[in-house]
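For reference, entry_4.pdb is printed below; it contains PDB, C-alpha atoms, pLDDT in the B column.
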ATOM      1  CA  MET A   1     -13.136  10.411 -11.149  1.00 55.00           C
ATOM      2  CA  GLY A   2     -13.655  14.136 -10.751  1.00 60.00           C
ATOM      3  CA  SER A   3     -11.289  16.950 -11.628  1.00 74.00           C
ATOM      4  CA  GLY A   4      -9.358  17.422  -8.390  1.00 86.00           C
ATOM      5  CA  LYS A   5      -5.561  17.530  -8.356  1.00 93.00           C
ATOM      6  CA  TYR A   6      -5.210  14.583  -5.957  1.00 96.00           C
ATOM      7  CA  LEU A   7      -7.035  11.283  -5.472  1.00 96.00           C
ATOM      8  CA  ALA A   8      -7.704   9.771  -2.048  1.00 96.00           C
ATOM      9  CA  PHE A   9      -8.934   6.193  -1.688  1.00 94.00           C
ATOM     10  CA  LEU A  10     -11.119   4.456   0.901  1.00 92.00           C
ATOM     11  CA  ASP A  11     -12.496   0.899   0.866  1.00 90.00           C
ATOM     12  CA  ASP A  12     -16.261   0.690   1.206  1.00 86.00           C
ATOM     13  CA  ASP A  13     -16.049  -1.357   4.437  1.00 87.00           C
ATOM     14  CA  ASP A  14     -13.352   0.794   6.091  1.00 92.00           C
ATOM     15  CA  TYR A  15     -13.274   4.355   7.381  1.00 92.00           C
ATOM     16  CA  TRP A  16     -10.906   7.160   8.313  1.00 94.00           C
ATOM     17  CA  THR A  17     -10.596   7.414  12.091  1.00 94.00           C
ATOM     18  CA  ASP A  18      -9.059  10.871  11.873  1.00 93.00           C
ATOM     19  CA  SER A  19     -11.783  13.289  10.805  1.00 92.00           C
ATOM     20  CA  GLU A  20      -9.080  15.846   9.970  1.00 94.00           C
ATOM     21  CA  HIS A  21      -7.072  13.460   7.771  1.00 95.00           C
ATOM     22  CA  LEU A  22      -7.831  15.133   4.442  1.00 95.00           C
ATOM     23  CA  ASN A  23      -7.419  18.646   5.840  1.00 95.00           C
ATOM     24  CA  LYS A  24      -4.042  17.731   7.346  1.00 95.00           C
ATOM     25  CA  ALA A  25      -2.945  16.020   4.131  1.00 95.00           C
ATOM     26  CA  TYR A  26      -3.948  19.076   2.115  1.00 94.00           C
ATOM     27  CA  GLU A  27      -1.997  21.406   4.405  1.00 95.00           C
ATOM     28  CA  GLU A  28       1.094  19.202   4.388  1.00 95.00           C
ATOM     29  CA  ILE A  29       1.081  18.760   0.614  1.00 95.00           C
ATOM     30  CA  ILE A  30       0.696  22.516   0.085  1.00 94.00           C
ATOM     31  CA  LYS A  31       3.497  23.181   2.575  1.00 94.00           C
ATOM     32  CA  ALA A  32       5.809  20.737   0.765  1.00 94.00           C
ATOM     33  CA  GLY A  33       5.002  22.150  -2.663  1.00 85.00           C
ATOM     34  CA  ASP A  34       2.592  21.230  -5.416  1.00 76.00           C
ATOM     35  CA  ASP A  35       5.105  18.803  -6.927  1.00 92.00           C
ATOM     36  CA  VAL A  36       4.212  16.096  -4.372  1.00 97.00           C
ATOM     37  CA  ASP A  37       3.280  12.933  -6.276  1.00 98.00           C
ATOM     38  CA  ALA A  38       2.170  10.702  -3.399  1.00 98.00           C
ATOM     39  CA  TYR A  39       1.282  10.989   0.289  1.00 98.00           C
ATOM     40  CA  TYR A  40       1.198   7.944   2.575  1.00 97.00           C
ATOM     41  CA  THR A  41      -0.098   7.387   6.102  1.00 95.00           C
ATOM     42  CA  ASN A  42      -0.793   4.429   8.412  1.00 94.00           C
ATOM     43  CA  GLN A  43      -3.818   2.475   9.553  1.00 93.00           C
ATOM     44  CA  ARG A  44      -4.740  -0.192  12.064  1.00 91.00           C
ATOM     45  CA  ALA A  45      -6.226  -3.551  11.072  1.00 91.00           C
ATOM     46  CA  PHE A  46      -8.964  -5.298  13.053  1.00 92.00           C
ATOM     47  CA  PHE A  47     -10.391  -8.827  12.887  1.00 90.00           C
ATOM     48  CA  SER A  48     -14.144  -9.330  12.502  1.00 86.00           C
ATOM     49  CA  ASP A  49     -14.496  -9.778  16.293  1.00 89.00           C
ATOM     50  CA  GLY A  50     -13.002  -6.331  16.872  1.00 89.00           C
ATOM     51  CA  THR A  51      -9.571  -7.579  17.967  1.00 92.00           C
ATOM     52  CA  LEU A  52      -6.605  -5.472  16.853  1.00 91.00           C
ATOM     53  CA  LYS A  53      -4.067  -7.303  14.688  1.00 90.00           C
ATOM     54  CA  GLU A  54      -0.792  -6.745  16.527  1.00 85.00           C
ATOM     55  CA  GLU A  55       1.622  -7.810  13.781  1.00 84.00           C
ATOM     56  CA  ASN A  56       2.882  -5.342  11.210  1.00 83.00           C
ATOM     57  CA  VAL A  57       0.429  -5.295   8.312  1.00 83.00           C
ATOM     58  CA  TRP A  58       1.053  -2.169   6.296  1.00 89.00           C
ATOM     59  CA  ILE A  59       3.895   0.339   6.827  1.00 93.00           C
ATOM     60  CA  GLU A  60       3.654   0.749  10.602  1.00 90.00           C
ATOM     61  CA  ASP A  61       7.248  -0.455  10.956  1.00 91.00           C
ATOM     62  CA  LEU A  62       8.508   2.681   9.204  1.00 92.00           C
ATOM     63  CA  ARG A  63       7.596   4.821  12.218  1.00 86.00           C
ATOM     64  CA  CYS A  64      10.637   3.597  14.155  1.00 85.00           C
ATOM     65  CA  LYS A  65      12.933   4.245  11.172  1.00 85.00           C
ATOM     66  CA  LEU A  66      12.279   7.965  11.123  1.00 83.00           C
ATOM     67  CA  LYS A  67      14.915  10.252  12.592  1.00 72.00           C
ATOM     68  CA  ASN A  68      14.294  10.654  16.325  1.00 61.00           C
ATOM     69  CA  SER A  69      11.124   8.573  15.822  1.00 58.00           C
ATOM     70  CA  SER A  70       9.393  11.784  14.769  1.00 63.00           C
ATOM     71  CA  LEU A  71       5.675  11.646  14.082  1.00 73.00           C
ATOM     72  CA  GLU A  72       5.926  14.607  11.736  1.00 84.00           C
ATOM     73  CA  THR A  73       5.283  14.261   8.016  1.00 91.00           C
ATOM     74  CA  CYS A  74       8.517  14.077   6.058  1.00 91.00           C
ATOM     75  CA  GLU A  75       9.740  13.582   2.521  1.00 94.00           C
ATOM     76  CA  VAL A  76      10.867  10.015   1.789  1.00 95.00           C
ATOM     77  CA  ASP A  77      12.108   8.027  -1.169  1.00 96.00           C
ATOM     78  CA  ALA A  78      11.289   4.634  -2.648  1.00 97.00           C
ATOM     79  CA  SER A  79      14.155   2.921  -0.809  1.00 97.00           C
ATOM     80  CA  PHE A  80      12.804   4.070   2.553  1.00 96.00           C
ATOM     81  CA  LEU A  81       9.255   2.955   1.797  1.00 97.00           C
ATOM     82  CA  LEU A  82      10.457  -0.391   0.429  1.00 96.00           C
ATOM     83  CA  SER A  83      12.363  -1.043   3.658  1.00 95.00           C
ATOM     84  CA  SER A  84       8.993  -1.812   5.247  1.00 94.00           C
ATOM     85  CA  ASN A  85       7.816  -5.402   5.531  1.00 89.00           C
ATOM     86  CA  GLY A  86       4.448  -4.296   4.187  1.00 91.00           C
ATOM     87  CA  PHE A  87       2.989  -1.784   1.751  1.00 93.00           C
ATOM     88  CA  ALA A  88       0.687   1.214   1.959  1.00 94.00           C
ATOM     89  CA  HIS A  89      -2.978   0.244   1.775  1.00 93.00           C
ATOM     90  CA  LEU A  90      -5.269   2.282  -0.464  1.00 94.00           C
ATOM     91  CA  ASN A  91      -6.927   3.816   2.613  1.00 94.00           C
ATOM     92  CA  CYS A  92      -3.543   5.350   3.423  1.00 94.00           C
ATOM     93  CA  THR A  93      -2.786   6.562  -0.087  1.00 97.00           C
ATOM     94  CA  ILE A  94      -3.197   9.925  -1.789  1.00 97.00           C
ATOM     95  CA  ILE A  95      -1.832  10.205  -5.341  1.00 97.00           C
ATOM     96  CA  LYS A  96      -1.565  13.116  -7.721  1.00 97.00           C
ATOM     97  CA  ARG A  97      -4.359  12.667 -10.231  1.00 96.00           C
ATOM     98  CA  GLN A  98      -2.158  13.200 -13.288  1.00 96.00           C
ATOM     99  CA  LEU A  99       0.334  10.585 -12.112  1.00 97.00           C
ATOM    100  CA  TYR A 100      -2.513   8.114 -11.580  1.00 97.00           C
ATOM    101  CA  LEU A 101      -3.759   8.773 -15.112  1.00 96.00           C
ATOM    102  CA  ASP A 102      -0.245   8.520 -16.558  1.00 96.00           C
ATOM    103  CA  MET A 103       0.074   5.080 -14.921  1.00 96.00           C
ATOM    104  CA  LYS A 104      -3.339   4.131 -16.373  1.00 94.00           C
ATOM    105  CA  GLY A 105      -4.792   3.702 -12.895  1.00 94.00           C
ATOM    106  CA  MET A 106      -5.568   0.355 -11.303  1.00 94.00           C
ATOM    107  CA  ASP A 107      -4.744  -2.778 -13.277  1.00 93.00           C
ATOM    108  CA  GLU A 108      -8.143  -4.467 -13.668  1.00 90.00           C
ATOM    109  CA  GLY A 109      -6.427  -7.675 -14.767  1.00 89.00           C
ATOM    110  CA  ILE A 110      -5.102  -8.182 -11.241  1.00 90.00           C
ATOM    111  CA  ARG A 111      -8.038  -9.283  -9.104  1.00 85.00           C
ATOM    112  CA  TYR A 112      -6.059  -9.736  -5.876  1.00 88.00           C
ATOM    113  CA  ASP A 113      -3.284  -7.420  -4.638  1.00 90.00           C
ATOM    114  CA  CYS A 114      -4.111  -4.749  -7.224  1.00 92.00           C
ATOM    115  CA  ASP A 115      -3.447  -2.198  -4.460  1.00 93.00           C
ATOM    116  CA  ARG A 116       0.067  -3.569  -3.989  1.00 94.00           C
ATOM    117  CA  ASP A 117       0.581  -3.298  -7.750  1.00 96.00           C
ATOM    118  CA  LEU A 118      -0.488   0.351  -7.714  1.00 97.00           C
ATOM    119  CA  TYR A 119       1.809   1.032  -4.755  1.00 97.00           C
ATOM    120  CA  ILE A 120       4.846  -0.498  -6.496  1.00 97.00           C
ATOM    121  CA  ARG A 121       4.173   1.362  -9.746  1.00 98.00           C
ATOM    122  CA  THR A 122       3.688   4.622  -7.863  1.00 98.00           C
ATOM    123  CA  LEU A 123       6.989   4.219  -6.003  1.00 98.00           C
ATOM    124  CA  ASP A 124       8.668   3.625  -9.338  1.00 98.00           C
ATOM    125  CA  LYS A 125       7.177   6.687 -11.059  1.00 98.00           C
ATOM    126  CA  ALA A 126       6.873   9.207  -8.229  1.00 98.00           C
ATOM    127  CA  LYS A 127       9.562  11.848  -7.867  1.00 96.00           C
ATOM    128  CA  LYS A 128       8.425  13.375  -4.576  1.00 97.00           C
ATOM    129  CA  MET A 129       6.652  11.455  -1.810  1.00 97.00           C
ATOM    130  CA  LEU A 130       5.580  12.300   1.729  1.00 97.00           C
ATOM    131  CA  PHE A 131       5.127   9.901   4.635  1.00 95.00           C
ATOM    132  CA  CYS A 132       2.887  10.767   7.561  1.00 93.00           C
ATOM    133  CA  PRO A 133       3.342   8.129  10.322  1.00 92.00           C
ATOM    134  CA  ARG A 134       0.004   8.931  11.967  1.00 92.00           C
ATOM    135  CA  PHE A 135      -2.717   6.256  12.075  1.00 93.00           C
ATOM    136  CA  VAL A 136      -5.631   7.728  10.151  1.00 94.00           C
ATOM    137  CA  SER A 137      -7.888   4.805   9.213  1.00 94.00           C
ATOM    138  CA  LYS A 138      -9.385   1.502  10.362  1.00 93.00           C
ATOM    139  CA  HIS A 139      -9.194  -1.554   8.143  1.00 92.00           C
ATOM    140  CA  HIS A 140     -11.583  -4.477   8.621  1.00 91.00           C
ATOM    141  CA  ILE A 141      -9.820  -7.788   7.967  1.00 86.00           C
ATOM    142  CA  PRO A 142     -12.165  -9.984   5.879  1.00 82.00           C
ATOM    143  CA  ASP A 143     -13.881 -12.771   7.822  1.00 76.00           C
ATOM    144  CA  LYS A 144     -12.535 -16.050   6.392  1.00 69.00           C
ATOM    145  CA  SER A 145     -15.857 -17.777   7.088  1.00 64.00           C
ATOM    146  CA  LYS A 146     -17.649 -15.455   4.648  1.00 64.00           C
ATOM    147  CA  LYS A 147     -17.227 -15.619   0.869  1.00 58.00           C
ATOM    148  CA  GLY A 148     -18.186 -12.107  -0.169  1.00 57.00           C
ATOM    149  CA  ASN A 149     -14.710 -10.681  -0.568  1.00 54.00           C
ATOM    150  CA  MET A 150     -11.840 -11.276  -2.985  1.00 55.00           C
ATOM    151  CA  SER A 151      -9.602 -12.070  -0.010  1.00 54.00           C
ATOM    152  CA  THR A 152     -11.852 -14.938   1.035  1.00 53.00           C
ATOM    153  CA  VAL A 153     -13.300 -16.227  -2.247  1.00 64.00           C
ATOM    154  CA  ILE A 154      -9.984 -17.319  -3.796  1.00 73.00           C
ATOM    155  CA  SER A 155      -7.516 -19.895  -2.500  1.00 81.00           C
ATOM    156  CA  SER A 156      -4.076 -19.215  -1.028  1.00 80.00           C
ATOM    157  CA  PHE A 157      -2.516 -20.649  -4.174  1.00 84.00           C
ATOM    158  CA  GLU A 158      -4.505 -18.255  -6.378  1.00 88.00           C
ATOM    159  CA  LYS A 159      -3.356 -15.370  -4.187  1.00 88.00           C
ATOM    160  CA  TYR A 160       0.247 -16.430  -4.741  1.00 90.00           C
ATOM    161  CA  LEU A 161      -0.346 -16.469  -8.504  1.00 91.00           C
ATOM    162  CA  TYR A 162      -1.635 -12.888  -8.439  1.00 93.00           C
ATOM    163  CA  GLN A 163       1.294 -11.797  -6.275  1.00 93.00           C
ATOM    164  CA  ILE A 164       3.704 -13.427  -8.720  1.00 95.00           C
ATOM    165  CA  SER A 165       2.039 -11.455 -11.530  1.00 95.00           C
ATOM    166  CA  VAL A 166       2.461  -8.219  -9.566  1.00 96.00           C
ATOM    167  CA  TYR A 167       6.176  -8.699  -8.963  1.00 96.00           C
ATOM    168  CA  GLU A 168       6.978 -10.120 -12.404  1.00 96.00           C
ATOM    169  CA  LYS A 169       5.246  -7.096 -13.900  1.00 96.00           C
ATOM    170  CA  ALA A 170       7.398  -4.848 -11.697  1.00 97.00           C
ATOM    171  CA  LEU A 171      10.566  -6.581 -12.857  1.00 96.00           C
ATOM    172  CA  LEU A 172       9.591  -6.119 -16.498  1.00 96.00           C
ATOM    173  CA  LEU A 173       8.231  -2.578 -16.440  1.00 96.00           C
ATOM    174  CA  CYS A 174       9.648  -0.687 -13.465  1.00 97.00           C
ATOM    175  CA  VAL A 175      12.791   1.426 -13.787  1.00 97.00           C
ATOM    176  CA  LYS A 176      14.132   2.171 -10.299  1.00 98.00           C
ATOM    177  CA  PRO A 177      16.768  -0.412  -9.245  1.00 97.00           C
ATOM    178  CA  GLU A 178      15.446  -0.524  -5.676  1.00 97.00           C
ATOM    179  CA  VAL A 179      11.958  -1.414  -6.904  1.00 97.00           C
ATOM    180  CA  LYS A 180      13.316  -4.212  -9.076  1.00 97.00           C
ATOM    181  CA  ALA A 181      15.522  -5.510  -6.249  1.00 97.00           C
ATOM    182  CA  ARG A 182      12.619  -5.594  -3.772  1.00 96.00           C
ATOM    183  CA  SER A 183      10.459  -7.378  -6.357  1.00 97.00           C
ATOM    184  CA  ARG A 184      13.109 -10.073  -6.855  1.00 96.00           C
ATOM    185  CA  ILE A 185      13.251 -10.690  -3.109  1.00 96.00           C
ATOM    186  CA  ALA A 186       9.450 -10.823  -2.881  1.00 94.00           C
ATOM    187  CA  LEU A 187       9.265 -13.294  -5.763  1.00 95.00           C
ATOM    188  CA  SER A 188      11.844 -15.605  -4.198  1.00 94.00           C
ATOM    189  CA  ASN A 189       9.901 -15.554  -0.916  1.00 93.00           C
ATOM    190  CA  ILE A 190       6.654 -16.425  -2.693  1.00 92.00           C
ATOM    191  CA  PHE A 191       8.241 -19.355  -4.528  1.00 92.00           C
ATOM    192  CA  LYS A 192       9.723 -20.553  -1.238  1.00 90.00           C
ATOM    193  CA  HIS A 193       6.293 -20.454   0.409  1.00 86.00           C
ATOM    194  CA  ILE A 194       4.797 -22.423  -2.467  1.00 87.00           C
ATOM    195  CA  SER A 195       7.575 -25.063  -2.361  1.00 86.00           C
ATOM    196  CA  ASP A 196       7.148 -25.375   1.428  1.00 84.00           C
ATOM    197  CA  ILE A 197       3.441 -25.976   0.980  1.00 80.00           C
ATOM    198  CA  TYR A 198       3.888 -28.726  -1.612  1.00 79.00           C
ATOM    199  CA  SER A 199       6.825 -30.401   0.131  1.00 79.00           C
ATOM    200  CA  SER A 200       5.042 -30.752   3.458  1.00 67.00           C
TER     201      SER A 200
END
Final structure tokens representation of the file:
Amino acid sequence: MGSGKYLAFLDDDDYWTDSEHLNKAYEEIIKAGDDVDAYYTNQRAFFSDGTLKEENVWIEDLRCKLKNSSLETCEVDASFLLSSNGFAHLNCTIIKRQLYLDMKGMDEGIRYDCDRDLYIRTLDKAKKMLFCPRFVSKHHIPDKSKKGNMSTVISSFEKYLYQISVYEKALLLCVKPEVKARSRIALSNIFKHISDIYSS
């Protein structure tokens, strides 16, 4: 894992579109102080045919919630980040190395949505977080016709089971009330989706 102070993540089939992303992140973290636990940005998602996915996928919807719709990096809290309909993808995540180690890193028992699990646990543990609304990376949405990716090799029902595990874990282990509240809402939505599927 190296010995750096911060960890930045990037999926092997994605890439950062902003060549200055890490330099900018470094400058903004230093400017805010070395007590920054997490730094989040945005990305755009594209289908296998190159078409941009228009709907909110990650935390794009937070851009309009910033004061004066500023595109400047600012300090945010868990409540603000949880007000998004999505979550920060790993490509858009930089975490203090010690915090990552304290949280015991990625949960290898969660095969799908392990990035969402890390995001929730980070929001619960982090004391100081920065949000940069800039789009810095390109995410390739897995092609459903190909079975070489966890997103395509398991069924929708199995995905729901992993998501239930993520949110039940958050309810049991997380401390911040806002994280628990958001997890309860997410769980109720998942169970509603499952009941809709089996009642149709």
| query | If the PyMOL selection byres ((chain A and resi 74-90) around 7) is run on the structure shown, which residues does it catch, given as JSON, numbers by chain? | reply | {"A": [9, 10, 40, 57, 58, 59, 61, 62, 72, 73, 91, 92, 93, 115, 116, 119, 123, 129, 130, 131, 132, 178]}
Using the chain letters and numbers from this file, what does the PyMOL selection byres ((chain A and resi 182-190) around 8) select? Give the answer as an mmCIF file with C-alpha atoms, in the frame of the given file.
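Below you can see part.cif, which holds the result:
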data_model
loop_
_atom_site.group_PDB
_atom_site.id
_atom_site.type_symbol
_atom_site.label_atom_id
_atom_site.label_comp_id
_atom_site.auth_asym_id
_atom_site.auth_seq_id
_atom_site.Cartn_x
_atom_site.Cartn_y
_atom_site.Cartn_z
ATOM 1 C CA LEU A 82 10.457 -0.391 0.429
ATOM 2 C CA TYR A 160 0.247 -16.430 -4.741
ATOM 3 C CA GLN A 163 1.294 -11.797 -6.275
ATOM 4 C CA ILE A 164 3.704 -13.427 -8.720
ATOM 5 C CA TYR A 167 6.176 -8.699 -8.963
ATOM 6 C CA GLU A 168 6.978 -10.120 -12.404
ATOM 7 C CA ALA A 170 7.398 -4.848 -11.697
ATOM 8 C CA LEU A 171 10.566 -6.581 -12.857
ATOM 9 C CA GLU A 178 15.446 -0.524 -5.676
ATOM 10 C CA VAL A 179 11.958 -1.414 -6.904
ATOM 11 C CA LYS A 180 13.316 -4.212 -9.076
ATOM 12 C CA ALA A 181 15.522 -5.510 -6.249
ATOM 13 C CA PHE A 191 8.241 -19.355 -4.528
ATOM 14 C CA LYS A 192 9.723 -20.553 -1.238
ATOM 15 C CA HIS A 193 6.293 -20.454 0.409
ATOM 16 C CA ILE A 194 4.797 -22.423 -2.467
#
With a distance cut-off of 7 Å and all atoms listed in the file, select the neighbouring residues of Ala45 (chain A), excluding the residue or stretch itself and same-chain residues fewer than 3 positions from it, and output the selection as an mmCIF file with C-alpha atoms, in the coordinates of the input.
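Result went into part_28.cif, see below:
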data_model
loop_
_atom_site.group_PDB
_atom_site.id
_atom_site.type_symbol
_atom_site.label_atom_id
_atom_site.label_comp_id
_atom_site.auth_asym_id
_atom_site.auth_seq_id
_atom_site.Cartn_x
_atom_site.Cartn_y
_atom_site.Cartn_z
ATOM 1 C CA LEU A 52 -6.605 -5.472 16.853
ATOM 2 C CA LYS A 53 -4.067 -7.303 14.688
ATOM 3 C CA LYS A 138 -9.385 1.502 10.362
ATOM 4 C CA HIS A 139 -9.194 -1.554 8.143
ATOM 5 C CA HIS A 140 -11.583 -4.477 8.621
ATOM 6 C CA ILE A 141 -9.820 -7.788 7.967
#
| task | Step by step, work through what the PyMOL selection byres ((chain A and resi 112) around 10) selects in the shown file, and finish by giving those residues as an MDAnalysis selection string. | result | chainID A and resid 108:111 113:117 150:151 154 158:163 166
| query | If you count all atoms listed in the file, which residues fall within 10 Å of Asp34 (chain A), apart from same-chain ones fewer than 3 positions away, as JSON, numbers by chain? | reply | {"A": [5, 29, 30, 31, 37, 96, 128]}
If you take every atom of region 30-37 of chain A that the file lists and fit an axis-aligned box around them with 4 Å extra on each side, what centre and edge lengths come out in Å to one decimal, as lines of an AutoDock Vina configuration file?
center_x = 3.3
center_y = 18.1
center_z = -2.2
size_x = 13.1
size_y = 18.2
size_z = 17.5
| field | Gap from CA of Thr122 (chain A) to CA of Met103 (chain A) - Å, one decimal | value | 7.9 Å
When you get a chance, write out N, CA and C atoms for region 93-117 of chain A, as a short mmCIF file (atom, residue, chain, number, x, y, z; two decimals), in the frame of the given file.
data_model
loop_
_atom_site.label_atom_id
_atom_site.label_comp_id
_atom_site.auth_asym_id
_atom_site.auth_seq_id
_atom_site.Cartn_x
_atom_site.Cartn_y
_atom_site.Cartn_z
N THR A 93 -3.45 6.08 1.12
CA THR A 93 -2.79 6.56 -0.09
C THR A 93 -3.50 7.77 -0.70
N ILE A 94 -2.71 8.78 -1.01
CA ILE A 94 -3.20 9.93 -1.79
C ILE A 94 -2.20 10.11 -2.93
N ILE A 95 -2.70 10.12 -4.17
CA ILE A 95 -1.83 10.20 -5.34
C ILE A 95 -2.24 11.39 -6.21
N LYS A 96 -1.26 12.03 -6.77
CA LYS A 96 -1.56 13.12 -7.72
C LYS A 96 -2.36 12.53 -8.88
N ARG A 97 -3.44 13.17 -9.21
CA ARG A 97 -4.36 12.67 -10.23
C ARG A 97 -3.67 12.42 -11.57
N GLN A 98 -2.82 13.35 -12.00
CA GLN A 98 -2.16 13.20 -13.29
C GLN A 98 -1.22 12.00 -13.31
N LEU A 99 -0.54 11.75 -12.19
CA LEU A 99 0.33 10.58 -12.11
C LEU A 99 -0.49 9.31 -12.22
N TYR A 100 -1.62 9.27 -11.53
CA TYR A 100 -2.51 8.11 -11.58
C TYR A 100 -2.97 7.85 -13.02
N LEU A 101 -3.32 8.91 -13.72
CA LEU A 101 -3.76 8.77 -15.11
C LEU A 101 -2.61 8.34 -16.01
N ASP A 102 -1.42 8.89 -15.76
CA ASP A 102 -0.24 8.52 -16.56
C ASP A 102 0.08 7.04 -16.39
N MET A 103 -0.19 6.50 -15.19
CA MET A 103 0.07 5.08 -14.92
C MET A 103 -1.09 4.19 -15.37
N LYS A 104 -2.13 4.83 -15.93
CA LYS A 104 -3.34 4.13 -16.37
C LYS A 104 -4.10 3.49 -15.21
N GLY A 105 -3.99 4.10 -14.04
CA GLY A 105 -4.79 3.70 -12.90
C GLY A 105 -4.57 2.29 -12.41
N MET A 106 -5.63 1.72 -11.83
CA MET A 106 -5.57 0.36 -11.30
C MET A 106 -5.54 -0.64 -12.46
N ASP A 107 -4.80 -1.71 -12.28
CA ASP A 107 -4.74 -2.78 -13.28
C ASP A 107 -5.91 -3.73 -13.03
N GLU A 108 -6.94 -3.67 -13.86
CA GLU A 108 -8.14 -4.47 -13.67
C GLU A 108 -7.91 -5.95 -13.95
N GLY A 109 -6.75 -6.28 -14.52
CA GLY A 109 -6.43 -7.68 -14.77
C GLY A 109 -5.90 -8.38 -13.53
N ILE A 110 -5.59 -7.60 -12.49
CA ILE A 110 -5.10 -8.18 -11.24
C ILE A 110 -6.24 -8.12 -10.23
N ARG A 111 -6.84 -9.25 -9.96
CA ARG A 111 -8.04 -9.28 -9.10
C ARG A 111 -7.69 -9.27 -7.62
N TYR A 112 -6.50 -9.73 -7.27
CA TYR A 112 -6.06 -9.74 -5.88
C TYR A 112 -4.71 -9.05 -5.80
N ASP A 113 -4.52 -8.19 -4.82
CA ASP A 113 -3.28 -7.42 -4.64
C ASP A 113 -3.10 -6.33 -5.69
N CYS A 114 -4.21 -5.85 -6.26
CA CYS A 114 -4.11 -4.75 -7.22
C CYS A 114 -3.65 -3.47 -6.52
N ASP A 115 -3.91 -3.37 -5.20
CA ASP A 115 -3.45 -2.20 -4.46
C ASP A 115 -1.93 -2.23 -4.27
N ARG A 116 -1.39 -3.44 -4.09
CA ARG A 116 0.07 -3.57 -3.99
C ARG A 116 0.71 -3.20 -5.33
N ASP A 117 0.08 -3.62 -6.41
CA ASP A 117 0.58 -3.30 -7.75
C ASP A 117 0.62 -1.79 -7.96
#
